[in-house]
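Trainee: One file is attached below, start37.pdb, containing PDB, C-alpha atoms.
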ATOM      1  CA  ASN U   1     115.658  79.578 147.592  1.00  0.00           C
ATOM      2  CA  ALA U   2     118.521  80.714 145.317  1.00  0.00           C
ATOM      3  CA  GLY U   3     118.718  84.354 146.498  1.00  0.00           C
ATOM      4  CA  VAL U   4     120.205  86.515 143.747  1.00  0.00           C
ATOM      5  CA  THR U   5     121.329  84.837 140.538  1.00  0.00           C
ATOM      6  CA  GLN U   6     123.314  86.341 137.686  1.00  0.00           C
ATOM      7  CA  THR U   7     124.076  85.157 134.183  1.00  0.00           C
ATOM      8  CA  PRO U   8     126.530  84.755 132.624  1.00  0.00           C
ATOM      9  CA  LYS U   9     129.355  84.152 135.118  1.00  0.00           C
ATOM     10  CA  PHE U  10     132.052  85.054 132.603  1.00  0.00           C
ATOM     11  CA  GLN U  11     131.989  86.913 129.292  1.00  0.00           C
ATOM     12  CA  VAL U  12     134.562  88.158 126.809  1.00  0.00           C
ATOM     13  CA  LEU U  13     133.483  90.814 124.322  1.00  0.00           C
ATOM     14  CA  LYS U  14     135.172  92.712 121.554  1.00  0.00           C
ATOM     15  CA  THR U  15     135.044  96.498 121.553  1.00  0.00           C
ATOM     16  CA  GLY U  16     131.745  97.662 120.101  1.00  0.00           C
ATOM     17  CA  GLN U  17     129.797  94.488 120.816  1.00  0.00           C
ATOM     18  CA  SER U  18     126.661  94.601 122.910  1.00  0.00           C
ATOM     19  CA  MET U  19     125.404  92.316 125.611  1.00  0.00           C
ATOM     20  CA  THR U  20     122.877  92.076 128.416  1.00  0.00           C
ATOM     21  CA  LEU U  21     123.671  90.895 131.933  1.00  0.00           C
ATOM     22  CA  GLN U  22     120.748  89.194 133.605  1.00  0.00           C
ATOM     23  CA  CYS U  23     119.846  89.286 137.286  1.00  0.00           C
ATOM     24  CA  ALA U  24     116.980  87.682 139.168  1.00  0.00           C
ATOM     25  CA  GLN U  25     116.025  87.477 142.826  1.00  0.00           C
ATOM     26  CA  ASP U  26     113.517  85.203 144.536  1.00  0.00           C
ATOM     27  CA  MET U  27     113.263  87.025 147.874  1.00  0.00           C
ATOM     28  CA  ASN U  28     110.334  89.242 146.827  1.00  0.00           C
ATOM     29  CA  HIS U  29     112.527  92.303 147.258  1.00  0.00           C
ATOM     30  CA  ASN U  30     111.357  95.650 145.961  1.00  0.00           C
ATOM     31  CA  SER U  31     114.744  97.201 145.205  1.00  0.00           C
ATOM     32  CA  MET U  32     117.514  96.021 142.915  1.00  0.00           C
ATOM     33  CA  TYR U  33     120.957  97.367 142.068  1.00  0.00           C
ATOM     34  CA  TRP U  34     123.813  97.014 139.594  1.00  0.00           C
ATOM     35  CA  TYR U  35     127.404  97.657 140.689  1.00  0.00           C
ATOM     36  CA  ARG U  36     130.803  97.328 139.094  1.00  0.00           C
ATOM     37  CA  GLN U  37     133.965  96.504 141.022  1.00  0.00           C
ATOM     38  CA  ASP U  38     137.416  97.344 139.722  1.00  0.00           C
ATOM     39  CA  PRO U  39     140.769  96.463 141.348  1.00  0.00           C
ATOM     40  CA  GLY U  40     141.649  98.814 144.186  1.00  0.00           C
ATOM     41  CA  MET U  41     138.251 100.443 144.112  1.00  0.00           C
ATOM     42  CA  GLY U  42     135.085  99.870 145.991  1.00  0.00           C
ATOM     43  CA  LEU U  43     131.886  98.800 144.359  1.00  0.00           C
ATOM     44  CA  ARG U  44     130.378 101.655 142.381  1.00  0.00           C
ATOM     45  CA  LEU U  45     126.660 101.913 141.798  1.00  0.00           C
ATOM     46  CA  ILE U  46     125.707 101.983 138.129  1.00  0.00           C
ATOM     47  CA  TYR U  47     121.887 102.018 138.292  1.00  0.00           C
ATOM     48  CA  TYR U  48     119.266 101.044 140.779  1.00  0.00           C
ATOM     49  CA  SER U  49     115.571 100.338 140.796  1.00  0.00           C
ATOM     50  CA  ALA U  50     113.896 101.373 144.025  1.00  0.00           C
ATOM     51  CA  SER U  51     110.691  99.607 143.048  1.00  0.00           C
ATOM     52  CA  GLU U  52     109.160  97.832 140.084  1.00  0.00           C
ATOM     53  CA  GLY U  53     108.659 100.312 137.260  1.00  0.00           C
ATOM     54  CA  THR U  54     111.321 102.780 138.352  1.00  0.00           C
ATOM     55  CA  THR U  55     115.023 103.090 137.590  1.00  0.00           C
ATOM     56  CA  ASP U  56     117.553 105.731 138.587  1.00  0.00           C
ATOM     57  CA  LYS U  57     121.143 106.514 137.785  1.00  0.00           C
ATOM     58  CA  GLY U  58     123.855 105.777 140.269  1.00  0.00           C
ATOM     59  CA  GLU U  59     127.408 107.022 140.381  1.00  0.00           C
ATOM     60  CA  VAL U  60     128.659 105.651 137.027  1.00  0.00           C
ATOM     61  CA  PRO U  61     125.731 105.196 134.584  1.00  0.00           C
ATOM     62  CA  ASN U  62     127.412 106.259 131.329  1.00  0.00           C
ATOM     63  CA  GLY U  63     127.587 103.482 128.745  1.00  0.00           C
ATOM     64  CA  TYR U  64     124.885 101.373 130.422  1.00  0.00           C
ATOM     65  CA  ASN U  65     121.140 100.949 130.281  1.00  0.00           C
ATOM     66  CA  VAL U  66     118.874  98.972 132.580  1.00  0.00           C
ATOM     67  CA  SER U  67     115.449  97.387 132.489  1.00  0.00           C
ATOM     68  CA  ARG U  68     113.382  96.357 135.475  1.00  0.00           C
ATOM     69  CA  LEU U  69     111.484  93.641 133.656  1.00  0.00           C
ATOM     70  CA  ASN U  70     109.301  92.717 136.619  1.00  0.00           C
ATOM     71  CA  LYS U  71     109.705  92.529 140.369  1.00  0.00           C
ATOM     72  CA  ARG U  72     112.154  89.614 140.101  1.00  0.00           C
ATOM     73  CA  GLU U  73     114.377  90.655 137.218  1.00  0.00           C
ATOM     74  CA  PHE U  74     116.715  93.590 136.570  1.00  0.00           C
ATOM     75  CA  SER U  75     118.957  93.539 133.507  1.00  0.00           C
ATOM     76  CA  LEU U  76     121.988  95.630 132.594  1.00  0.00           C
ATOM     77  CA  ARG U  77     122.794  96.322 128.951  1.00  0.00           C
ATOM     78  CA  LEU U  78     126.043  97.439 127.378  1.00  0.00           C
ATOM     79  CA  GLU U  79     125.136  98.814 123.942  1.00  0.00           C
ATOM     80  CA  SER U  80     128.686  99.281 122.648  1.00  0.00           C
ATOM     81  CA  ALA U  81     131.246  97.737 124.955  1.00  0.00           C
ATOM     82  CA  ALA U  82     134.531  99.534 125.625  1.00  0.00           C
ATOM     83  CA  PRO U  83     137.719  98.246 127.301  1.00  0.00           C
ATOM     84  CA  SER U  84     137.002 100.622 130.216  1.00  0.00           C
ATOM     85  CA  GLN U  85     133.968  98.480 130.983  1.00  0.00           C
ATOM     86  CA  THR U  86     136.151  95.482 131.811  1.00  0.00           C
ATOM     87  CA  SER U  87     135.117  94.778 135.380  1.00  0.00           C
ATOM     88  CA  VAL U  88     133.258  92.485 137.737  1.00  0.00           C
ATOM     89  CA  TYR U  89     129.546  93.283 137.785  1.00  0.00           C
ATOM     90  CA  PHE U  90     127.414  92.543 140.819  1.00  0.00           C
ATOM     91  CA  CYS U  91     123.668  92.650 141.058  1.00  0.00           C
ATOM     92  CA  ALA U  92     122.066  93.121 144.472  1.00  0.00           C
ATOM     93  CA  SER U  93     118.600  93.360 145.954  1.00  0.00           C
ATOM     94  CA  SER U  94     117.087  94.688 149.173  1.00  0.00           C
ATOM     95  CA  GLU U  95     113.668  94.670 150.707  1.00  0.00           C
ATOM     96  CA  ALA U  96     113.289  98.386 150.113  1.00  0.00           C
ATOM     97  CA  HIS U  97     115.411 101.349 149.132  1.00  0.00           C
ATOM     98  CA  ARG U  98     115.804 102.898 152.522  1.00  0.00           C
ATOM     99  CA  GLY U  99     118.384 103.211 155.213  1.00  0.00           C
ATOM    100  CA  GLY U 100     119.182 100.109 157.169  1.00  0.00           C
ATOM    101  CA  ASP U 101     118.141  97.519 154.621  1.00  0.00           C
ATOM    102  CA  THR U 102     120.610  94.745 153.911  1.00  0.00           C
ATOM    103  CA  GLN U 103     121.664  94.262 150.319  1.00  0.00           C
ATOM    104  CA  TYR U 104     122.036  90.706 149.070  1.00  0.00           C
ATOM    105  CA  PHE U 105     124.476  90.210 146.235  1.00  0.00           C
ATOM    106  CA  GLY U 106     124.639  87.793 143.350  1.00  0.00           C
ATOM    107  CA  PRO U 107     127.860  85.892 142.548  1.00  0.00           C
ATOM    108  CA  GLY U 108     129.001  88.398 139.942  1.00  0.00           C
ATOM    109  CA  THR U 109     129.755  88.463 136.220  1.00  0.00           C
ATOM    110  CA  ARG U 110     133.379  88.792 135.144  1.00  0.00           C
ATOM    111  CA  LEU U 111     133.431  90.789 131.916  1.00  0.00           C
ATOM    112  CA  THR U 112     136.470  91.387 129.740  1.00  0.00           C
ATOM    113  CA  VAL U 113     136.277  93.762 126.788  1.00  0.00           C
ATOM    114  CA  LEU U 114     139.128  93.403 124.299  1.00  0.00           C
TER     115      LEU U 114
ATOM    116  CA  ARG Z   1     139.292 113.279 148.525  1.00  0.00           C
ATOM    117  CA  LYS Z   2     137.248 110.086 148.316  1.00  0.00           C
ATOM    118  CA  GLU Z   3     133.834 110.142 149.962  1.00  0.00           C
ATOM    119  CA  VAL Z   4     134.599 106.954 151.879  1.00  0.00           C
ATOM    120  CA  GLU Z   5     138.162 106.001 152.718  1.00  0.00           C
ATOM    121  CA  GLN Z   6     139.641 102.850 154.160  1.00  0.00           C
ATOM    122  CA  ASP Z   7     143.187 101.745 154.847  1.00  0.00           C
ATOM    123  CA  PRO Z   8     143.710  99.078 152.144  1.00  0.00           C
ATOM    124  CA  GLY Z   9     146.033  97.020 154.336  1.00  0.00           C
ATOM    125  CA  PRO Z  10     146.863  94.241 154.211  1.00  0.00           C
ATOM    126  CA  PHE Z  11     146.624  93.698 157.928  1.00  0.00           C
ATOM    127  CA  ASN Z  12     148.544  90.517 158.711  1.00  0.00           C
ATOM    128  CA  VAL Z  13     147.903  89.346 162.271  1.00  0.00           C
ATOM    129  CA  PRO Z  14     148.317  86.079 164.189  1.00  0.00           C
ATOM    130  CA  GLU Z  15     145.363  83.927 165.091  1.00  0.00           C
ATOM    131  CA  GLY Z  16     143.852  85.020 168.392  1.00  0.00           C
ATOM    132  CA  ALA Z  17     144.866  88.650 168.016  1.00  0.00           C
ATOM    133  CA  THR Z  18     142.561  91.634 168.192  1.00  0.00           C
ATOM    134  CA  VAL Z  19     142.469  93.826 165.119  1.00  0.00           C
ATOM    135  CA  ALA Z  20     140.661  97.056 164.395  1.00  0.00           C
ATOM    136  CA  PHE Z  21     140.171  99.183 161.342  1.00  0.00           C
ATOM    137  CA  ASN Z  22     138.440 102.431 160.603  1.00  0.00           C
ATOM    138  CA  CYS Z  23     136.538 103.900 157.721  1.00  0.00           C
ATOM    139  CA  THR Z  24     136.146 107.662 157.323  1.00  0.00           C
ATOM    140  CA  TYR Z  25     133.390 109.393 155.380  1.00  0.00           C
ATOM    141  CA  SER Z  26     133.084 112.948 154.166  1.00  0.00           C
ATOM    142  CA  ASN Z  27     129.320 113.537 153.907  1.00  0.00           C
ATOM    143  CA  SER Z  28     127.973 114.634 157.276  1.00  0.00           C
ATOM    144  CA  ALA Z  29     124.413 113.931 156.031  1.00  0.00           C
ATOM    145  CA  SER Z  30     125.138 110.201 155.705  1.00  0.00           C
ATOM    146  CA  GLN Z  31     122.453 108.156 157.371  1.00  0.00           C
ATOM    147  CA  SER Z  32     123.218 104.446 157.341  1.00  0.00           C
ATOM    148  CA  PHE Z  33     126.439 102.566 157.822  1.00  0.00           C
ATOM    149  CA  PHE Z  34     127.435  98.945 157.277  1.00  0.00           C
ATOM    150  CA  TRP Z  35     130.346  96.572 157.256  1.00  0.00           C
ATOM    151  CA  TYR Z  36     130.384  93.925 154.528  1.00  0.00           C
ATOM    152  CA  ARG Z  37     132.799  91.061 154.166  1.00  0.00           C
ATOM    153  CA  GLN Z  38     134.096  89.920 150.783  1.00  0.00           C
ATOM    154  CA  ASP Z  39     136.060  86.728 150.276  1.00  0.00           C
ATOM    155  CA  CYS Z  40     138.421  86.428 147.336  1.00  0.00           C
ATOM    156  CA  ARG Z  41     136.503  86.346 144.036  1.00  0.00           C
ATOM    157  CA  LYS Z  42     133.176  86.177 145.838  1.00  0.00           C
ATOM    158  CA  GLU Z  43     130.282  88.542 146.372  1.00  0.00           C
ATOM    159  CA  PRO Z  44     130.088  90.901 149.382  1.00  0.00           C
ATOM    160  CA  LYS Z  45     127.981  89.731 152.303  1.00  0.00           C
ATOM    161  CA  LEU Z  46     126.651  91.801 155.164  1.00  0.00           C
ATOM    162  CA  LEU Z  47     128.720  91.460 158.321  1.00  0.00           C
ATOM    163  CA  MET Z  48     126.861  93.964 160.447  1.00  0.00           C
ATOM    164  CA  SER Z  49     125.008  97.242 160.433  1.00  0.00           C
ATOM    165  CA  VAL Z  50     126.500 100.078 162.458  1.00  0.00           C
ATOM    166  CA  TYR Z  51     124.222 101.912 164.832  1.00  0.00           C
ATOM    167  CA  SER Z  52     124.776 105.187 166.640  1.00  0.00           C
ATOM    168  CA  SER Z  53     124.888 103.354 169.947  1.00  0.00           C
ATOM    169  CA  GLY Z  54     127.400 100.838 168.615  1.00  0.00           C
ATOM    170  CA  ASN Z  55     126.692  97.154 168.273  1.00  0.00           C
ATOM    171  CA  GLU Z  56     128.294  93.845 168.983  1.00  0.00           C
ATOM    172  CA  ASP Z  57     127.874  90.447 167.371  1.00  0.00           C
ATOM    173  CA  GLY Z  58     130.012  87.792 168.994  1.00  0.00           C
ATOM    174  CA  ARG Z  59     133.653  88.662 168.370  1.00  0.00           C
ATOM    175  CA  PHE Z  60     132.768  91.655 166.195  1.00  0.00           C
ATOM    176  CA  THR Z  61     132.076  95.171 167.453  1.00  0.00           C
ATOM    177  CA  ALA Z  62     131.127  98.096 165.245  1.00  0.00           C
ATOM    178  CA  GLN Z  63     131.001 101.718 166.297  1.00  0.00           C
ATOM    179  CA  LEU Z  64     129.984 104.998 164.732  1.00  0.00           C
ATOM    180  CA  ASN Z  65     131.524 108.354 165.567  1.00  0.00           C
ATOM    181  CA  ARG Z  66     129.409 111.015 163.866  1.00  0.00           C
ATOM    182  CA  ALA Z  67     131.411 113.930 165.266  1.00  0.00           C
ATOM    183  CA  SER Z  68     134.626 112.681 163.670  1.00  0.00           C
ATOM    184  CA  GLN Z  69     132.819 110.999 160.757  1.00  0.00           C
ATOM    185  CA  TYR Z  70     134.193 107.505 160.974  1.00  0.00           C
ATOM    186  CA  ILE Z  71     133.039 103.984 161.650  1.00  0.00           C
ATOM    187  CA  SER Z  72     135.166 101.247 163.129  1.00  0.00           C
ATOM    188  CA  LEU Z  73     135.244  97.476 163.212  1.00  0.00           C
ATOM    189  CA  LEU Z  74     136.919  95.523 165.987  1.00  0.00           C
ATOM    190  CA  ILE Z  75     137.543  91.793 165.678  1.00  0.00           C
ATOM    191  CA  ARG Z  76     138.533  89.962 168.855  1.00  0.00           C
ATOM    192  CA  ASP Z  77     140.136  86.508 169.084  1.00  0.00           C
ATOM    193  CA  SER Z  78     140.636  86.445 165.323  1.00  0.00           C
ATOM    194  CA  LYS Z  79     140.224  83.134 163.455  1.00  0.00           C
ATOM    195  CA  LEU Z  80     141.813  81.937 160.229  1.00  0.00           C
ATOM    196  CA  SER Z  81     138.329  82.130 158.709  1.00  0.00           C
ATOM    197  CA  ASP Z  82     138.249  85.899 159.331  1.00  0.00           C
ATOM    198  CA  SER Z  83     140.731  86.382 156.478  1.00  0.00           C
ATOM    199  CA  ALA Z  84     138.853  88.463 153.920  1.00  0.00           C
ATOM    200  CA  THR Z  85     138.397  91.999 152.673  1.00  0.00           C
ATOM    201  CA  TYR Z  86     136.170  94.196 154.810  1.00  0.00           C
ATOM    202  CA  LEU Z  87     134.157  96.866 153.029  1.00  0.00           C
ATOM    203  CA  CYS Z  88     132.506  99.781 154.731  1.00  0.00           C
ATOM    204  CA  VAL Z  89     129.350 101.183 153.196  1.00  0.00           C
ATOM    205  CA  VAL Z  90     127.901 104.628 153.762  1.00  0.00           C
ATOM    206  CA  THR Z  91     124.474 105.554 152.485  1.00  0.00           C
ATOM    207  CA  THR Z  92     122.464 108.734 152.088  1.00  0.00           C
ATOM    208  CA  TYR Z  93     118.803 108.443 151.166  1.00  0.00           C
ATOM    209  CA  SER Z  94     117.414 111.671 149.771  1.00  0.00           C
ATOM    210  CA  SER Z  95     116.363 113.025 146.387  1.00  0.00           C
ATOM    211  CA  ALA Z  96     119.610 111.596 145.032  1.00  0.00           C
ATOM    212  CA  SER Z  97     120.344 108.415 146.910  1.00  0.00           C
ATOM    213  CA  LYS Z  98     123.975 107.579 147.320  1.00  0.00           C
ATOM    214  CA  ILE Z  99     125.411 104.239 148.338  1.00  0.00           C
ATOM    215  CA  ILE Z 100     129.166 104.503 148.641  1.00  0.00           C
ATOM    216  CA  PHE Z 101     131.432 101.524 149.198  1.00  0.00           C
ATOM    217  CA  GLY Z 102     134.922 101.909 150.539  1.00  0.00           C
ATOM    218  CA  SER Z 103     137.650 100.168 148.581  1.00  0.00           C
ATOM    219  CA  GLY Z 104     138.113  97.669 151.384  1.00  0.00           C
ATOM    220  CA  THR Z 105     140.648  96.629 154.004  1.00  0.00           C
ATOM    221  CA  ARG Z 106     142.332  93.309 153.413  1.00  0.00           C
ATOM    222  CA  LEU Z 107     142.826  91.157 156.509  1.00  0.00           C
ATOM    223  CA  SER Z 108     145.002  88.071 156.620  1.00  0.00           C
ATOM    224  CA  ILE Z 109     145.101  85.889 159.733  1.00  0.00           C
ATOM    225  CA  ARG Z 110     148.174  83.660 160.070  1.00  0.00           C
ATOM    226  CA  PRO Z 111     148.330  80.452 162.157  1.00  0.00           C
TER     227      PRO Z 111
END
Spell out the structure here as structure tokens.
Mentor:
Amino acid sequence: NAGVTQTPKFQVLKTGQSMTLQCAQDMNHNSMYWYRQDPGMGLRLIYYSASEGTTDKGEVPNGYNVSRLNKREFSLRLESAAPSQTSVYFCASSEAHRGGDTQYFGPGTRLTVL
Amino acid sequence: RKEVEQDPGPFNVPEGATVAFNCTYSNSASQSFFWYRQDCRKEPKLLMSVYSSGNEDGRFTAQLNRASQYISLLIRDSKLSDSATYLCVVTTYSSASKIIFGSGTRLSIRP
């Protein structure tokens, strides 16, 4: 039982390159989330998927796209990376998108955009 | 003004001490509240949910004050292993769900 896994762990991109961050969970959770964490700031929600087949914007969606591939997998795509997207990206999942549900986080992806 | 605010610290206290920190929130419609713990360069992990009646888990006590719009975390008999950053989380589930993390309070326990 791995919980939430993310790939890659580290990535360096040049401005304008694209990439996809992968996330998978094996807890049969319905809801999945993508956050970014920058120094001195809390985690900020980029996109979430309350259930398979649905996605919604969070607080900072600009420059990102997501795909809920199936119940297990939720990917985050940067179409044209910018230095402002240098950050640590965390994926999380919860049983459902409702108050009181614990979110379980993956280990994070450290992304640097040059 | 940030929607969720925490004192960034660092709080530097001796082992065995009691330490408390607060987290204030601005949205009176907020519904769920949590404390997460994050170790250096690791992912956040749930420490405890915060209920209206307050709750306790061993050395940790969390309380919610809706009138003044803050939540608190009290750690008694602090251990070296309590050194971490503590994040408060405030959520509102409606037509536009919002999950807001505070920027965290850094706690360092010294021997």
Trainee: Only residues of chain U matter here; which ones have an atom within 8 Å of chain Z, counting all atoms listed in the file? Give them as a PyMOL selection string.
Mentor: chain U and resi 40-45+58-59+90+98-100+102-108
Trainee: Could you state which residues are captured by the PyMOL selection byres ((chain Z and resi 12) around 6) in this file, as a VMD selection string?
Mentor: chain Z and resid 11 13 108 to 109
Trainee: Can you tell me, as a PyMOL selection string, what residues are no more than 9 Å from U:Ala2 when counting only C-alpha atoms, ignoring any on the same chain fewer than 3 positions away?
Mentor: chain U and resi 5+25-27
Trainee: I'd like to see the residues matched by the PyMOL selection byres ((chain Z and resi 52) around 8) on this file, and ideally I'd get them as a PyMOL selection string.
Mentor: chain Z and resi 50-51+53-54+63-66
Trainee: Closest to Z:Asp77 among Z:Gly58, Z:Ser28, Z:Gln38, Z:Gly9, using all atoms listed in the file?
Mentor: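 The closest residue to Z:Asp77 is Z:Gly58.
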Trainee: Residue by residue, what does the PyMOL selection byres ((chain U and resi 60-63) around 12) grab here? Present the result as an NGL selection string.
Mentor: (:U and (16 or 18-19 or 33-37 or 43-48 or 55-59 or 64-66 or 76-85)) or (:Z and (98-100))
Trainee: Padding 3 Å on every side, please: axis-aligned box over the listed atoms of stretch 8-25 of chain Z, centre and edge lengths to one decimal in Å, as lines of an AutoDock Vina configuration file.
Mentor:
center_x = 141.0
center_y = 96.7
center_z = 160.3
size_x = 21.2
size_y = 31.5
size_z = 22.2
Trainee: Starting from the point (137.3, 84.5, 152.0), work out which residues of protein, DNA or RNA have an atom no more than 8 Å away when counting all atoms listed in the file; state them as a VMD selection string.
Mentor: chain Z and resid 38 to 40 42 81 to 85
Trainee: What is the atom CA of Z:Arg76-atom CA of Z:Arg59 distance in Å, reported with one decimal?
Mentor: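 Atom CA of Z:Arg59 lies 5.1 Å from atom CA of Z:Arg76.
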Trainee: Could you check which of U:Gln11, U:Thr54, U:Thr109, U:Ser31 is closest to U:Arg72, using all atoms listed in the file?
Mentor: U:Ser31
Trainee: Nearest residue to U:His97 out of U:Gln17, U:Asn28, U:Ser51, U:Ser75, using all atoms listed in the file?
Mentor: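 Checking each of U:Gln17, U:Asn28, U:Ser51, U:Ser75 against U:His97, counting all atoms listed in the file, the winner is U:Ser51.
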Trainee: Grab the atom CA of U:Cys91 to atom CA of U:Thr7 distance for me, in Å with one decimal place.
Mentor: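 Pair atom CA of U:Cys91 / atom CA of U:Thr7 returns 10.2 Å.
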Trainee: Taking into account only C-alpha atoms, which residue in the set U:Ala24, U:Leu69, U:Ala50, U:Leu111 is nearest to U:Lys9?
Mentor: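 Answer, going by the shortest atom-to-atom distance: U:Leu111.
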Trainee: Report as a PyMOL selection string all protein, DNA and RNA residues lying within 6 Å of Z:Leu74, evaluated on all atoms listed in the file, omitting residues in the same chain fewer than 4 positions from it.
Mentor: chain Z and resi 19-20+60-61
Trainee: Quick check, in Å to one decimal: how far apart do atom CA of U:Leu21 and atom CA of U:Thr86 lie?
Mentor: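 So the answer is 13.3 Å.
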Trainee: Taking only C-alpha atoms into account, name the residue in U:Asn30, U:Ser93, U:Ser49, U:Gln6 that is nearest to U:Arg110.
Mentor: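 Checking each of U:Asn30, U:Ser93, U:Ser49, U:Gln6 against U:Arg110, counting only C-alpha atoms, the winner is U:Gln6.
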Trainee: Might you pull out every residue within 8 Å of Z:Phe21, with all atoms listed in the file counted and same-chain residues fewer than 2 positions away left off, and present them as a list in words?
Mentor: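 These residues fall inside the cut-off: Asp7, Val19, Cys23, Ser72, Leu73, Leu74 and Thr105 of chain Z.
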